[in-house]
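Here the structure comes first, spelled out in structure tokens, and everything after it is commentary.
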Amino acid sequence: MPPVTRRVRKAVFPVAGLGTRFLPATKLVAKEMLPVVDKPLIQYAVEEAFAAGIEYCMFVTGRGKAVLVDHFDHAPELEALLRERDKQEPLAELMGGMPKAGTILATRQQAPLGLGHAVRCARAFTDDEPFAVILPDDLIMSDRPCLAQLIEVWEARGGNVVAVEEVAPARTASYGILDVAADDGRVARARGLVEKPKPEVAPSTLAIIGRYVLDPQVMQALETTVPGTGGEIQLTDAINATLDSQPFHGLRFDGTRFDCGDKVGFIEANLAFALARPDLRDRLAGALRRTLADVDRPEGHDTPQETVRTATPLKVL
Ligand code: UTP
């Protein structure tokens, strides 16, 4: 038997969800292809994985999502045209997102039976290795890739490590919530987790977001995990099943997370990523000032738009 690797080399991207919150945009276009500024969510996620030392990415896709794999292939006609017209900058952008051959793989989740089920579809890929899970919906702006921060904690502590952040008590029912045993303010050791608890029964307000480093035991546990909350096969139930033999930690990562599965979160991500770009910042800030001035104007003080656009004082930015 070959030695079992103890490096995190593989990442699973469950991308088979239906994206119902973005209909009708997601009727034909995969949610993960929606752009934040000018790059699709899936590309941010893949770039984060490679920057964290991941070597292989497995997309667990669904029907109509083959475009997610196509996005990481050459577009020969487009490339030839850009070369012919000497459009060096867009050509460089296009080629910059191209991964090494054989590093992007894909499989299908034939029916959206839950996040745990989607991860389970990648079991032949992860084999007996620890692996990362990345949900591209959660876009993270940080100096150091969030996944690299998780892997560092995993190297020190082993077991299962997840990215967490504090949420408002009223929001616990939207997340997996940690049952905390010990907490140093950055890393929390957990004795378990509860999927989407109502605020009155939530064990804490530390919520899991879409980055995980998991022990192969979680994949084994998924083999027998039955449908849980919402009738779906939950990844959190499989993590819970390994708690007797595996340490489990949540990391408050350095960075800002944007929930791009939610309309406001997606728009906020677009604003934050655009405002961080020198080529867009000033123009966008001006446009936002004008728009917000329109929003902030007290009722009954309608001003012709042109007047507002030239004469309103800066209110928010
Ligand atoms: P969401 O809960 O955001 O669901 O899934 P969704 O279908 O993508 O979006 P909405 O709520 O209908 O708008 C969280 C992550 O789990 C994946 C999704 O693709 C997303 O990355 N997922 C979920 C699967 O791959 N398969 C599933 O069966 C469920």
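Following the order of the structure tokens, first chain is A, next is B, and so on, with residues numbered from 1 inside each chain and ligands from 1 in the order they appear.
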
### Query
Which residues form the shell of 10 Å around ligand 1 when you count only C-alpha atoms and all ligand atoms, given as number ranges by chain?
A: 12-23, 26, 30-32, 42, 59-62, 108-119, 121, 133-138, 174-175, 209-210, 232-235, 259-263

### Message
What parts of stretch 78-316 of chain A does DSSP call helix (DSSP H, G or I)? I'd like the answer as a PyMOL selection string.
### Response
chain A and resi 78-84+88-96+115-120+123-126+146-157+169-174+199-201+216-222+229-231+235-240+263-275+281-296+305-311

### Query
Contacts of A:Glu155 at 9 Å or less, counting only C-alpha atoms, minus same-chain residues fewer than 3 places along, as a VMD selection string?
chain A and resid 6 to 7 150 to 152 158

Selection to disk with C-alpha atoms, as an mmCIF file, in the first residue's frame:
data_model
loop_
_atom_site.group_PDB
_atom_site.id
_atom_site.type_symbol
_atom_site.label_atom_id
_atom_site.label_comp_id
_atom_site.auth_asym_id
_atom_site.auth_seq_id
_atom_site.Cartn_x
_atom_site.Cartn_y
_atom_site.Cartn_z
ATOM 1 C CA ARG A 6 -0.846 13.957 5.132
ATOM 2 C CA ARG A 7 -0.741 17.058 3.011
ATOM 3 C CA LEU A 150 -7.240 26.832 7.665
ATOM 4 C CA ILE A 151 -4.551 24.454 6.421
ATOM 5 C CA GLU A 152 -2.055 26.048 8.793
ATOM 6 C CA GLY A 158 -5.263 17.782 12.693
#

### Message
Under the rule that only C-alpha atoms are counted, which of A:Leu81, A:Cys146, A:Met58, A:Ile267 is the nearest residue to A:Gly255?
### Response
A:Cys146

Identify, on the basis of only C-alpha atoms, every residue whose closest approach to A:Val213 does not exceed 9 Å; exclude the query and any residue fewer than 4 positions from it along the same chain; express the result as a PDB file with N, CA and C atoms, in the first residue's frame.
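File produced: out_35.pdb:
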ATOM      1  N   VAL A   8      -2.636  18.475   2.481  1.00  0.00           N
ATOM      2  CA  VAL A   8      -3.945  18.724   1.861  1.00  0.00           C
ATOM      3  C   VAL A   8      -3.693  19.119   0.414  1.00  0.00           C
ATOM      4  N   ALA A  11      -9.074  19.519  -3.332  1.00  0.00           N
ATOM      5  CA  ALA A  11     -10.223  20.323  -2.881  1.00  0.00           C
ATOM      6  C   ALA A  11     -11.463  19.926  -3.663  1.00  0.00           C
ATOM      7  N   PRO A 130      -6.751  13.622   3.540  1.00  0.00           N
ATOM      8  CA  PRO A 130      -7.487  14.796   4.030  1.00  0.00           C
ATOM      9  C   PRO A 130      -7.795  15.684   2.835  1.00  0.00           C
ATOM     10  N   PHE A 131      -8.875  16.442   2.901  1.00  0.00           N
ATOM     11  CA  PHE A 131      -9.269  17.238   1.733  1.00  0.00           C
ATOM     12  C   PHE A 131      -9.947  18.541   2.164  1.00  0.00           C
ATOM     13  N   ALA A 132      -9.911  19.497   1.246  1.00  0.00           N
ATOM     14  CA  ALA A 132     -10.597  20.776   1.501  1.00  0.00           C
ATOM     15  C   ALA A 132     -11.947  20.763   0.810  1.00  0.00           C
ATOM     16  N   VAL A 133     -12.878  21.524   1.350  1.00  0.00           N
ATOM     17  CA  VAL A 133     -14.157  21.782   0.667  1.00  0.00           C
ATOM     18  C   VAL A 133     -14.302  23.298   0.559  1.00  0.00           C
ATOM     19  N   LEU A 147      -8.258  29.620   2.819  1.00  0.00           N
ATOM     20  CA  LEU A 147      -7.961  28.187   2.893  1.00  0.00           C
ATOM     21  C   LEU A 147      -6.537  27.944   3.412  1.00  0.00           C
ATOM     22  N   LEU A 150      -6.653  28.060   7.089  1.00  0.00           N
ATOM     23  CA  LEU A 150      -7.240  26.832   7.665  1.00  0.00           C
ATOM     24  C   LEU A 150      -6.231  25.690   7.659  1.00  0.00           C
ATOM     25  N   ILE A 151      -5.509  25.565   6.542  1.00  0.00           N
ATOM     26  CA  ILE A 151      -4.551  24.454   6.421  1.00  0.00           C
ATOM     27  C   ILE A 151      -3.455  24.600   7.486  1.00  0.00           C
ATOM     28  N   TRP A 154      -4.893  23.287  10.585  1.00  0.00           N
ATOM     29  CA  TRP A 154      -5.030  21.834  10.456  1.00  0.00           C
ATOM     30  C   TRP A 154      -3.669  21.143  10.640  1.00  0.00           C
ATOM     31  N   GLY A 159      -7.363  16.612  12.478  1.00  0.00           N
ATOM     32  CA  GLY A 159      -8.825  16.457  12.561  1.00  0.00           C
ATOM     33  C   GLY A 159      -9.545  17.270  11.502  1.00  0.00           C
ATOM     34  N   ASN A 160     -10.605  17.930  11.944  1.00  0.00           N
ATOM     35  CA  ASN A 160     -11.412  18.756  11.043  1.00  0.00           C
ATOM     36  C   ASN A 160     -11.309  20.220  11.466  1.00  0.00           C
ATOM     37  N   VAL A 161     -11.085  21.087  10.490  1.00  0.00           N
ATOM     38  CA  VAL A 161     -10.994  22.528  10.769  1.00  0.00           C
ATOM     39  C   VAL A 161     -11.931  23.253   9.807  1.00  0.00           C
ATOM     40  N   VAL A 162     -12.751  24.140  10.352  1.00  0.00           N
ATOM     41  CA  VAL A 162     -13.682  24.888   9.497  1.00  0.00           C
ATOM     42  C   VAL A 162     -13.504  26.382   9.726  1.00  0.00           C
ATOM     43  N   ALA A 163     -13.823  27.176   8.713  1.00  0.00           N
ATOM     44  CA  ALA A 163     -13.797  28.630   8.880  1.00  0.00           C
ATOM     45  C   ALA A 163     -15.085  29.059   9.560  1.00  0.00           C
TER      46      ALA A 163
END

### Query
Could you pull out all residues of stretch 171-261 of chain A with a DSSP call of strand (DSSP E) and give them as a VMD selection string?
chain A and resid 176 to 183 187 to 195 206 to 214 248 to 252 256 to 259

### Task
Go through A:Leu275, A:Leu28, A:Leu206, A:Val164 and flag the residue nearest A:Ile177, using only C-alpha atoms for the distances.
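Answer, going by the shortest atom-to-atom distance: A:Leu206.
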
### Task
Just the residues within 10 Å of A:Glu195, please, counting only C-alpha atoms, with nothing from its chain fewer than 2 positions along; format it as a count of residues only.
20

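Minimum atom-to-atom distances from A:Lys65, A:Leu105, A:Asp38, A:Arg123 to A:Arg277 were compared using only C-alpha atoms, and the lowest value belongs to A:Asp38.
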